[in-house]
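Please read the structure below before turning to the comments.
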Amino acid sequence: MRPEDKYFEQLTQEELWKRYCGFLDLSVAEFMGVQEQLLLDQIDRVWSSTLGRKVMGDRKPVSMEDFRALVPLTTYDDYEPYLSERREDALACKPALWCHSSGRMGQFKWFPHSPDFMERVNKSCLSALTLACTRERGRVNYNPGFRFLLILPPTPYTSGCLFDSFAQHFTFRAMPPQDTGSNTPFQQRVATGFQMALRDGVDVIGAIASVLVKMGEQFEEHTRSVNFSPSMLHPSIVGRMTRAWLRAKREHRPILPRDLWPSRAIATGGVDTAIYKQAIERYWGSEPYEFYTCAEGFLVAIQGWNKKGLYFLPDIAFYEFIPHAEVLKWQADDSYQPSTVLYNEVQEGELYEVVITQLYGMPLLRYRMKDLVRFTGLHDDETGVRLPHMQFQRRVGETIDLAALARLDERTLWQAVANTGLRFADWAACKEYDGSQAYLRLYLEPKDECTPEEVAEMVDRNLKAIDVDYRDIESYLGLQPVKVTLLPRGSFQRYMDRQRAAGADLAHLKPPHINPSERALSDLMETARTGGEAV
């Protein structure tokens, strides 16, 4: 029996809900009380450590206000080379584990996490699971031993570390099994997980949103020509496939994943989750449940039971927020020191960069995440939750600036491309110049017949509907700033195959959607030419 299992035998539904979701009953003042208490404990733990003194200096802060006044905002560079070399002698306590980020520009960032922190994270996993599996307050709709299909990168990625640790604290049946995750190639792990799910069924699915949609598309395309391999002749698999075929036939459509795996919850993350919400529900049968994760803090914010805005967890990190106007000042002058506000000072509709201080003895203090979030409300009348809720928007600097009138981020562009109604494999976008005129260049691999001009017109029209600032470009400059290059089928897959053959890590197989490097674009166009000319 795992440590958390016993509570499902000992506690009532009401007590379980309070244990895992009681934070949603807090007022903002109570939330801040938890924050301040944990921050003061953190200062006591880390001040005398090598990294604590390096960041905080010789004067120990004695209050939350003192901490914010004395300690500067930090970035990963402030912790080099201690973290990249995983030097535990510089930390306040021995970590339970190290995990790394997905990486930018081919470089990983390593982060330690203490045993006390991991205890809290494992509990927060059950908070998210509870809320993902229900549509009403107070209902805990699962038990130890549930079947969990995991389509996620393994350790030492954040998701792999998170679920490996969770498996030590709560019993669930992982598909594929956890003990093979670190030694088996990712694609083989996915295939193993699906084979197990076909045989035994699924309760919860954990995956990246775009991966779920792509898998749903591929499934729909290929179900008309399914061939039963010997491994699929297990009686349970044959029965499941037969029931799925009959259900799809009654509705005059191909078999979809939801016919095979009706699940209680789909837990997912990624900037594209909101964009693909309807597609995920169509393919997989459940509305996706969203969370905000990062290597620095693991599970930082989660949705409520109505599957809308995300709420920060009060005991995962100490939070500050840099208003977007301050971020822009810093971008114009990197010597500028932005000011921050606290959780009880954020404003509805405003954009902020997230700043965290790790708790429970780990080293990151006033650490700039470079993640921008927008607070979508200061409370929720539908659920009665009295806390501010937010949505992840983009990374700082990951925008395409057109004529100083519009800043297009990944979320906006993804929505504009998705709203064309075209089926596509993938895309990338950057700013290019024609003489002195800047424009948006979109590289798209379509699955439907179309021309570059048709796609450019549709994307331009959708951007005008989505982004109020973009609407002004044509009236000010008299031009339509979208240009499209269509790539032959298989271009992105060939790019990924080349990256994999060159030894690239899982996180670096695909080019970034926004502002890929010249090298990445060159390699993408080269792989496109091997499959036919781009247009």
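Going by the structure tokens order, chains are called A, B, ..., each with residues numbered from 1, while ligands are numbered from 1 in the order shown.
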
Can you pull out the residues contacting Glu432 (chain A)? Cut-off 12 Å, using only C-alpha atoms, and skip same-chain residues under 3 positions away; I want them as a list in words.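 The residues that qualify are Ile400, Asp401, Leu402, Ala403, Ala429, Gly435, Ser436, Gln437, Ala438, Tyr439, Leu440, Arg441, Leu442, Tyr443, Pro481, Val482, Lys483, Val484, Asn515, Pro516 and Glu518 of chain A.
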
Just list the residues in region 158-219 of chain A DSSP gives alpha helix (DSSP H) on the backbone, as an mmCIF file with all heavy atoms, in the first residue's frame.
```
data_model
loop_
_atom_site.group_PDB
_atom_site.id
_atom_site.type_symbol
_atom_site.label_atom_id
_atom_site.label_comp_id
_atom_site.auth_asym_id
_atom_site.auth_seq_id
_atom_site.Cartn_x
_atom_site.Cartn_y
_atom_site.Cartn_z
ATOM 1 N N THR A 158 10.350 16.740 -16.731
ATOM 2 C CA THR A 158 9.463 17.071 -15.621
ATOM 3 C C THR A 158 8.331 16.064 -15.488
ATOM 4 O O THR A 158 8.045 15.566 -14.396
ATOM 5 C CB THR A 158 8.883 18.476 -15.817
ATOM 6 O OG1 THR A 158 9.959 19.410 -15.964
ATOM 7 C CG2 THR A 158 8.020 18.887 -14.641
ATOM 8 N N SER A 159 7.662 15.763 -16.604
ATOM 9 C CA SER A 159 6.506 14.867 -16.548
ATOM 10 C C SER A 159 6.903 13.484 -16.075
ATOM 11 O O SER A 159 6.198 12.858 -15.271
ATOM 12 C CB SER A 159 5.828 14.783 -17.917
ATOM 13 O OG SER A 159 6.766 14.389 -18.915
ATOM 14 N N GLY A 160 8.049 12.977 -16.555
ATOM 15 C CA GLY A 160 8.495 11.664 -16.128
ATOM 16 C C GLY A 160 8.841 11.620 -14.649
ATOM 17 O O GLY A 160 8.465 10.678 -13.932
ATOM 18 N N CYS A 161 9.542 12.657 -14.172
ATOM 19 C CA CYS A 161 9.885 12.732 -12.746
ATOM 20 C C CYS A 161 8.627 12.828 -11.890
ATOM 21 O O CYS A 161 8.521 12.195 -10.835
ATOM 22 C CB CYS A 161 10.777 13.943 -12.486
ATOM 23 S SG CYS A 161 12.446 13.804 -13.153
ATOM 24 N N LEU A 162 7.681 13.630 -12.360
ATOM 25 C CA LEU A 162 6.449 13.843 -11.601
ATOM 26 C C LEU A 162 5.691 12.537 -11.412
ATOM 27 O O LEU A 162 5.290 12.177 -10.295
ATOM 28 C CB LEU A 162 5.586 14.874 -12.325
ATOM 29 C CG LEU A 162 4.257 15.259 -11.692
ATOM 30 C CD1 LEU A 162 4.479 15.942 -10.355
ATOM 31 C CD2 LEU A 162 3.474 16.175 -12.635
ATOM 32 N N PHE A 163 5.506 11.778 -12.494
ATOM 33 C CA PHE A 163 4.698 10.568 -12.397
ATOM 34 C C PHE A 163 5.453 9.409 -11.775
ATOM 35 O O PHE A 163 4.842 8.546 -11.140
ATOM 36 C CB PHE A 163 4.120 10.222 -13.762
ATOM 37 C CG PHE A 163 3.010 11.148 -14.161
ATOM 38 C CD1 PHE A 163 3.210 12.147 -15.101
ATOM 39 C CD2 PHE A 163 1.778 11.055 -13.555
ATOM 40 C CE1 PHE A 163 2.193 13.022 -15.442
ATOM 41 C CE2 PHE A 163 0.747 11.925 -13.887
ATOM 42 C CZ PHE A 163 0.957 12.912 -14.830
ATOM 43 N N ASP A 164 6.777 9.388 -11.917
ATOM 44 C CA ASP A 164 7.540 8.358 -11.214
ATOM 45 C C ASP A 164 7.430 8.553 -9.710
ATOM 46 O O ASP A 164 7.288 7.592 -8.947
ATOM 47 C CB ASP A 164 9.013 8.399 -11.636
ATOM 48 C CG ASP A 164 9.253 7.689 -12.957
ATOM 49 O OD1 ASP A 164 8.283 7.178 -13.541
ATOM 50 O OD2 ASP A 164 10.405 7.653 -13.418
ATOM 51 N N SER A 165 7.504 9.812 -9.267
ATOM 52 C CA SER A 165 7.374 10.104 -7.838
ATOM 53 C C SER A 165 5.952 9.817 -7.355
ATOM 54 O O SER A 165 5.747 9.222 -6.289
ATOM 55 C CB SER A 165 7.742 11.563 -7.564
ATOM 56 O OG SER A 165 7.566 11.884 -6.208
ATOM 57 N N PHE A 166 4.965 10.220 -8.152
ATOM 58 C CA PHE A 166 3.572 9.987 -7.792
ATOM 59 C C PHE A 166 3.294 8.502 -7.606
ATOM 60 O O PHE A 166 2.548 8.088 -6.701
ATOM 61 C CB PHE A 166 2.678 10.589 -8.880
ATOM 62 C CG PHE A 166 1.202 10.448 -8.631
ATOM 63 C CD1 PHE A 166 0.663 10.697 -7.379
ATOM 64 C CD2 PHE A 166 0.347 10.089 -9.665
ATOM 65 C CE1 PHE A 166 -0.705 10.576 -7.151
ATOM 66 C CE2 PHE A 166 -1.014 9.973 -9.457
ATOM 67 C CZ PHE A 166 -1.540 10.211 -8.187
ATOM 68 N N ALA A 167 3.925 7.673 -8.454
ATOM 69 C CA ALA A 167 3.712 6.229 -8.381
ATOM 70 C C ALA A 167 4.216 5.636 -7.068
ATOM 71 O O ALA A 167 3.764 4.558 -6.656
ATOM 72 C CB ALA A 167 4.395 5.536 -9.560
ATOM 73 N N PHE A 186 10.722 6.197 -26.711
ATOM 74 C CA PHE A 186 9.419 6.807 -26.460
ATOM 75 C C PHE A 186 8.327 6.194 -27.329
ATOM 76 O O PHE A 186 7.243 5.855 -26.834
ATOM 77 C CB PHE A 186 9.506 8.316 -26.692
ATOM 78 C CG PHE A 186 8.236 9.051 -26.403
ATOM 79 C CD1 PHE A 186 7.737 9.124 -25.109
ATOM 80 C CD2 PHE A 186 7.523 9.683 -27.411
ATOM 81 C CE1 PHE A 186 6.559 9.801 -24.829
ATOM 82 C CE2 PHE A 186 6.348 10.363 -27.143
ATOM 83 C CZ PHE A 186 5.869 10.422 -25.852
ATOM 84 N N GLN A 187 8.571 6.050 -28.633
ATOM 85 C CA GLN A 187 7.548 5.513 -29.528
ATOM 86 C C GLN A 187 7.168 4.091 -29.140
ATOM 87 O O GLN A 187 6.002 3.705 -29.221
ATOM 88 C CB GLN A 187 8.050 5.553 -30.985
ATOM 89 C CG GLN A 187 8.258 6.956 -31.524
ATOM 90 C CD GLN A 187 6.965 7.762 -31.563
ATOM 91 O OE1 GLN A 187 5.888 7.200 -31.731
ATOM 92 N NE2 GLN A 187 7.068 9.070 -31.395
ATOM 93 N N GLN A 188 8.142 3.313 -28.692
ATOM 94 C CA GLN A 188 7.847 1.940 -28.272
ATOM 95 C C GLN A 188 7.038 1.934 -26.983
ATOM 96 O O GLN A 188 6.145 1.095 -26.796
ATOM 97 C CB GLN A 188 9.145 1.166 -28.088
ATOM 98 C CG GLN A 188 8.937 -0.329 -27.839
ATOM 99 C CD GLN A 188 10.250 -1.081 -27.765
ATOM 100 O OE1 GLN A 188 11.262 -0.661 -28.334
ATOM 101 N NE2 GLN A 188 10.249 -2.194 -27.047
ATOM 102 N N ARG A 189 7.325 2.877 -26.076
ATOM 103 C CA ARG A 189 6.551 2.982 -24.841
ATOM 104 C C ARG A 189 5.093 3.312 -25.152
ATOM 105 O O ARG A 189 4.169 2.764 -24.546
ATOM 106 C CB ARG A 189 7.141 4.063 -23.936
ATOM 107 C CG ARG A 189 8.488 3.711 -23.343
ATOM 108 C CD ARG A 189 9.016 4.827 -22.463
ATOM 109 N NE ARG A 189 8.136 5.045 -21.328
ATOM 110 C CZ ARG A 189 7.483 6.164 -21.091
ATOM 111 N NH1 ARG A 189 7.611 7.193 -21.899
ATOM 112 N NH2 ARG A 189 6.708 6.288 -20.033
ATOM 113 N N VAL A 190 4.886 4.241 -26.096
ATOM 114 C CA VAL A 190 3.525 4.604 -26.480
ATOM 115 C C VAL A 190 2.793 3.388 -27.042
ATOM 116 O O VAL A 190 1.634 3.126 -26.684
ATOM 117 C CB VAL A 190 3.536 5.754 -27.509
ATOM 118 C CG1 VAL A 190 2.132 5.985 -28.056
ATOM 119 C CG2 VAL A 190 4.077 7.031 -26.878
ATOM 120 N N ALA A 191 3.466 2.634 -27.917
ATOM 121 C CA ALA A 191 2.839 1.448 -28.513
ATOM 122 C C ALA A 191 2.490 0.421 -27.439
ATOM 123 O O ALA A 191 1.408 -0.188 -27.466
ATOM 124 C CB ALA A 191 3.779 0.836 -29.552
ATOM 125 N N THR A 192 3.387 0.247 -26.468
ATOM 126 C CA THR A 192 3.120 -0.696 -25.378
ATOM 127 C C THR A 192 1.916 -0.250 -24.555
ATOM 128 O O THR A 192 1.048 -1.048 -24.189
ATOM 129 C CB THR A 192 4.352 -0.819 -24.466
ATOM 130 O OG1 THR A 192 5.460 -1.293 -25.235
ATOM 131 C CG2 THR A 192 4.089 -1.781 -23.310
ATOM 132 N N GLY A 193 1.858 1.051 -24.271
ATOM 133 C CA GLY A 193 0.731 1.586 -23.511
ATOM 134 C C GLY A 193 -0.593 1.374 -24.221
ATOM 135 O O GLY A 193 -1.593 0.992 -23.592
ATOM 136 N N PHE A 194 -0.618 1.591 -25.526
ATOM 137 C CA PHE A 194 -1.857 1.412 -26.278
ATOM 138 C C PHE A 194 -2.262 -0.054 -26.329
ATOM 139 O O PHE A 194 -3.451 -0.375 -26.291
ATOM 140 C CB PHE A 194 -1.708 1.990 -27.680
ATOM 141 C CG PHE A 194 -2.067 3.429 -27.766
ATOM 142 C CD1 PHE A 194 -1.091 4.408 -27.637
ATOM 143 C CD2 PHE A 194 -3.373 3.838 -27.955
ATOM 144 C CE1 PHE A 194 -1.420 5.740 -27.694
ATOM 145 C CE2 PHE A 194 -3.714 5.168 -28.016
ATOM 146 C CZ PHE A 194 -2.728 6.127 -27.885
ATOM 147 N N GLN A 195 -1.290 -0.951 -26.438
ATOM 148 C CA GLN A 195 -1.614 -2.377 -26.458
ATOM 149 C C GLN A 195 -2.261 -2.787 -25.136
ATOM 150 O O GLN A 195 -3.262 -3.521 -25.113
ATOM 151 C CB GLN A 195 -0.336 -3.182 -26.698
ATOM 152 C CG GLN A 195 -0.576 -4.662 -26.943
ATOM 153 C CD GLN A 195 -1.158 -4.933 -28.323
ATOM 154 O OE1 GLN A 195 -1.085 -4.084 -29.202
ATOM 155 N NE2 GLN A 195 -1.743 -6.105 -28.515
ATOM 156 N N MET A 196 -1.713 -2.283 -24.021
ATOM 157 C CA MET A 196 -2.283 -2.590 -22.707
ATOM 158 C C MET A 196 -3.682 -1.989 -22.574
ATOM 159 O O MET A 196 -4.594 -2.611 -22.025
ATOM 160 C CB MET A 196 -1.372 -2.036 -21.603
ATOM 161 C CG MET A 196 -0.023 -2.714 -21.510
ATOM 162 S SD MET A 196 1.051 -1.907 -20.287
ATOM 163 C CE MET A 196 0.144 -2.251 -18.772
ATOM 164 N N ALA A 197 -3.842 -0.756 -23.080
ATOM 165 C CA ALA A 197 -5.139 -0.093 -22.982
ATOM 166 C C ALA A 197 -6.196 -0.805 -23.820
ATOM 167 O O ALA A 197 -7.367 -0.900 -23.418
ATOM 168 C CB ALA A 197 -5.009 1.363 -23.428
ATOM 169 N N LEU A 198 -5.810 -1.317 -24.986
ATOM 170 C CA LEU A 198 -6.751 -2.070 -25.814
ATOM 171 C C LEU A 198 -7.251 -3.307 -25.075
ATOM 172 O O LEU A 198 -8.423 -3.677 -25.170
ATOM 173 C CB LEU A 198 -6.073 -2.491 -27.118
ATOM 174 C CG LEU A 198 -6.168 -1.528 -28.296
ATOM 175 C CD1 LEU A 198 -5.320 -2.027 -29.452
ATOM 176 C CD2 LEU A 198 -7.602 -1.314 -28.735
ATOM 177 N N ARG A 199 -6.356 -3.923 -24.321
ATOM 178 C CA ARG A 199 -6.733 -5.157 -23.630
ATOM 179 C C ARG A 199 -7.551 -4.886 -22.366
ATOM 180 O O ARG A 199 -8.534 -5.561 -22.095
ATOM 181 C CB ARG A 199 -5.464 -5.936 -23.269
ATOM 182 C CG ARG A 199 -5.721 -7.326 -22.703
ATOM 183 C CD ARG A 199 -4.413 -7.968 -22.266
ATOM 184 N NE ARG A 199 -3.827 -7.232 -21.148
ATOM 185 C CZ ARG A 199 -2.505 -7.084 -20.974
ATOM 186 N NH1 ARG A 199 -1.653 -7.579 -21.841
ATOM 187 N NH2 ARG A 199 -2.054 -6.420 -19.929
ATOM 188 N N ASP A 200 -7.125 -3.872 -21.590
ATOM 189 C CA ASP A 200 -7.667 -3.717 -20.240
ATOM 190 C C ASP A 200 -8.522 -2.477 -20.024
ATOM 191 O O ASP A 200 -9.128 -2.330 -18.957
ATOM 192 C CB ASP A 200 -6.513 -3.694 -19.222
ATOM 193 C CG ASP A 200 -5.692 -4.967 -19.278
ATOM 194 O OD1 ASP A 200 -6.266 -6.035 -19.564
ATOM 195 O OD2 ASP A 200 -4.469 -4.895 -19.045
ATOM 196 N N ALA A 209 -1.558 18.026 -25.374
ATOM 197 C CA ALA A 209 -2.772 18.238 -26.168
ATOM 198 C C ALA A 209 -2.550 17.987 -27.655
ATOM 199 O O ALA A 209 -3.334 17.297 -28.310
ATOM 200 C CB ALA A 209 -3.294 19.655 -25.929
ATOM 201 N N SER A 210 -1.495 18.563 -28.232
ATOM 202 C CA SER A 210 -1.274 18.422 -29.668
ATOM 203 C C SER A 210 -1.022 16.971 -30.051
ATOM 204 O O SER A 210 -1.395 16.534 -31.143
ATOM 205 C CB SER A 210 -0.095 19.304 -30.113
ATOM 206 O OG SER A 210 1.063 19.001 -29.360
ATOM 207 N N VAL A 211 -0.382 16.207 -29.139
ATOM 208 C CA VAL A 211 -0.144 14.784 -29.416
ATOM 209 C C VAL A 211 -1.470 14.031 -29.462
ATOM 210 O O VAL A 211 -1.690 13.177 -30.324
ATOM 211 C CB VAL A 211 0.788 14.190 -28.344
ATOM 212 C CG1 VAL A 211 0.891 12.669 -28.493
ATOM 213 C CG2 VAL A 211 2.171 14.812 -28.434
ATOM 214 N N LEU A 212 -2.385 14.349 -28.549
ATOM 215 C CA LEU A 212 -3.694 13.693 -28.545
ATOM 216 C C LEU A 212 -4.454 13.942 -29.843
ATOM 217 O O LEU A 212 -5.068 13.037 -30.406
ATOM 218 C CB LEU A 212 -4.522 14.200 -27.364
ATOM 219 C CG LEU A 212 -4.224 13.596 -25.992
ATOM 220 C CD1 LEU A 212 -5.051 14.299 -24.929
ATOM 221 C CD2 LEU A 212 -4.506 12.103 -25.971
ATOM 222 N N VAL A 213 -4.409 15.188 -30.327
ATOM 223 C CA VAL A 213 -5.127 15.513 -31.561
ATOM 224 C C VAL A 213 -4.506 14.798 -32.748
ATOM 225 O O VAL A 213 -5.211 14.225 -33.594
ATOM 226 C CB VAL A 213 -5.149 17.038 -31.785
ATOM 227 C CG1 VAL A 213 -5.741 17.374 -33.151
ATOM 228 C CG2 VAL A 213 -5.959 17.712 -30.693
ATOM 229 N N LYS A 214 -3.185 14.814 -32.816
ATOM 230 C CA LYS A 214 -2.513 14.154 -33.934
ATOM 231 C C LYS A 214 -2.806 12.662 -33.926
ATOM 232 O O LYS A 214 -3.055 12.051 -34.980
ATOM 233 C CB LYS A 214 -1.006 14.405 -33.860
ATOM 234 C CG LYS A 214 -0.227 13.799 -35.013
ATOM 235 C CD LYS A 214 1.198 14.314 -35.054
ATOM 236 C CE LYS A 214 1.244 15.783 -35.440
ATOM 237 N NZ LYS A 214 2.631 16.251 -35.662
ATOM 238 N N MET A 215 -2.792 12.057 -32.761
ATOM 239 C CA MET A 215 -3.103 10.631 -32.666
ATOM 240 C C MET A 215 -4.546 10.355 -33.061
ATOM 241 O O MET A 215 -4.846 9.350 -33.707
ATOM 242 C CB MET A 215 -2.822 10.139 -31.249
ATOM 243 C CG MET A 215 -1.350 10.152 -30.879
ATOM 244 S SD MET A 215 -1.041 9.719 -29.163
ATOM 245 C CE MET A 215 -1.428 8.000 -29.195
ATOM 246 N N GLY A 216 -5.452 11.261 -32.666
ATOM 247 C CA GLY A 216 -6.846 11.106 -33.057
ATOM 248 C C GLY A 216 -7.025 11.182 -34.564
ATOM 249 O O GLY A 216 -7.778 10.388 -35.158
ATOM 250 N N GLU A 217 -6.314 12.133 -35.210
ATOM 251 C CA GLU A 217 -6.390 12.262 -36.665
ATOM 252 C C GLU A 217 -5.871 11.003 -37.357
ATOM 253 O O GLU A 217 -6.484 10.490 -38.304
ATOM 254 C CB GLU A 217 -5.584 13.482 -37.106
ATOM 255 C CG GLU A 217 -6.189 14.817 -36.701
ATOM 256 C CD GLU A 217 -5.282 15.987 -37.031
ATOM 257 O OE1 GLU A 217 -4.092 15.740 -37.335
ATOM 258 O OE2 GLU A 217 -5.753 17.134 -36.982
ATOM 259 N N GLN A 218 -4.719 10.530 -36.890
ATOM 260 C CA GLN A 218 -4.135 9.332 -37.503
ATOM 261 C C GLN A 218 -5.037 8.119 -37.302
ATOM 262 O O GLN A 218 -5.199 7.299 -38.213
ATOM 263 C CB GLN A 218 -2.749 9.081 -36.907
ATOM 264 C CG GLN A 218 -1.727 10.142 -37.261
ATOM 265 C CD GLN A 218 -0.417 9.971 -36.510
ATOM 266 O OE1 GLN A 218 -0.341 9.242 -35.514
ATOM 267 N NE2 GLN A 218 0.621 10.645 -36.970
ATOM 268 N N PHE A 219 -5.621 8.034 -36.126
ATOM 269 C CA PHE A 219 -6.518 6.913 -35.829
ATOM 270 C C PHE A 219 -7.709 6.933 -36.782
ATOM 271 O O PHE A 219 -8.080 5.903 -37.363
ATOM 272 C CB PHE A 219 -6.989 7.035 -34.382
ATOM 273 C CG PHE A 219 -7.564 5.773 -33.822
ATOM 274 C CD1 PHE A 219 -6.785 4.908 -33.082
ATOM 275 C CD2 PHE A 219 -8.903 5.438 -34.031
ATOM 276 C CE1 PHE A 219 -7.314 3.732 -32.554
ATOM 277 C CE2 PHE A 219 -9.438 4.278 -33.521
ATOM 278 C CZ PHE A 219 -8.637 3.425 -32.780
#
```

May I have a table of the residues of region 86-117 of chain A lying at most 7 Å from region 271-295 of chain A, giving each one's closest pair of atoms and their distance in Å to one decimal, counting only C-alpha atoms, ordered by chain and ascending residue number, as CSV?
```
residue,atom,partner,partner_atom,distance
A:Cys99,CA,A:Ala295,CA,6.5
A:His100,CA,A:Ala295,CA,6.0
A:Ser101,CA,A:Ala295,CA,5.2
A:Phe111,CA,A:Ala295,CA,6.7
```

Residues near Ser114 (chain A), anyone? I mean within 9 Å using only C-alpha atoms, not counting same-chain ones fewer than 6 positions away, as a list in words.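 Near neighbours after the sequence-gap exclusion: Cys93, Lys94, Pro95, Ala96, Leu97, Leu359, Tyr360, Gly361 and Met362 of chain A.
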
Just write the chosen residues, C-alpha atoms, as a PDB file, in the first residue's frame.
```pdb
ATOM      1  CA  CYS A  93      19.524  20.202   1.918  1.00  0.00           C
ATOM      2  CA  LYS A  94      20.023  17.078  -0.140  1.00  0.00           C
ATOM      3  CA  PRO A  95      17.443  16.906  -2.946  1.00  0.00           C
ATOM      4  CA  ALA A  96      15.164  13.936  -3.517  1.00  0.00           C
ATOM      5  CA  LEU A  97      15.702  14.241  -7.267  1.00  0.00           C
ATOM      6  CA  LEU A 359       9.910  26.461  -0.961  1.00  0.00           C
ATOM      7  CA  TYR A 360      11.048  23.638   1.320  1.00  0.00           C
ATOM      8  CA  GLY A 361      14.775  24.422   1.085  1.00  0.00           C
ATOM      9  CA  MET A 362      15.487  24.580  -2.626  1.00  0.00           C
TER      10      MET A 362
END
```

Given the choices A:Thr412, A:Asn306, A:Thr134, A:Ser517, which gets closest to Tyr470 (chain A) if the distance is worked out from only C-alpha atoms?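 Looking at the shortest contact to Tyr470 (chain A), the residue is A:Thr412.
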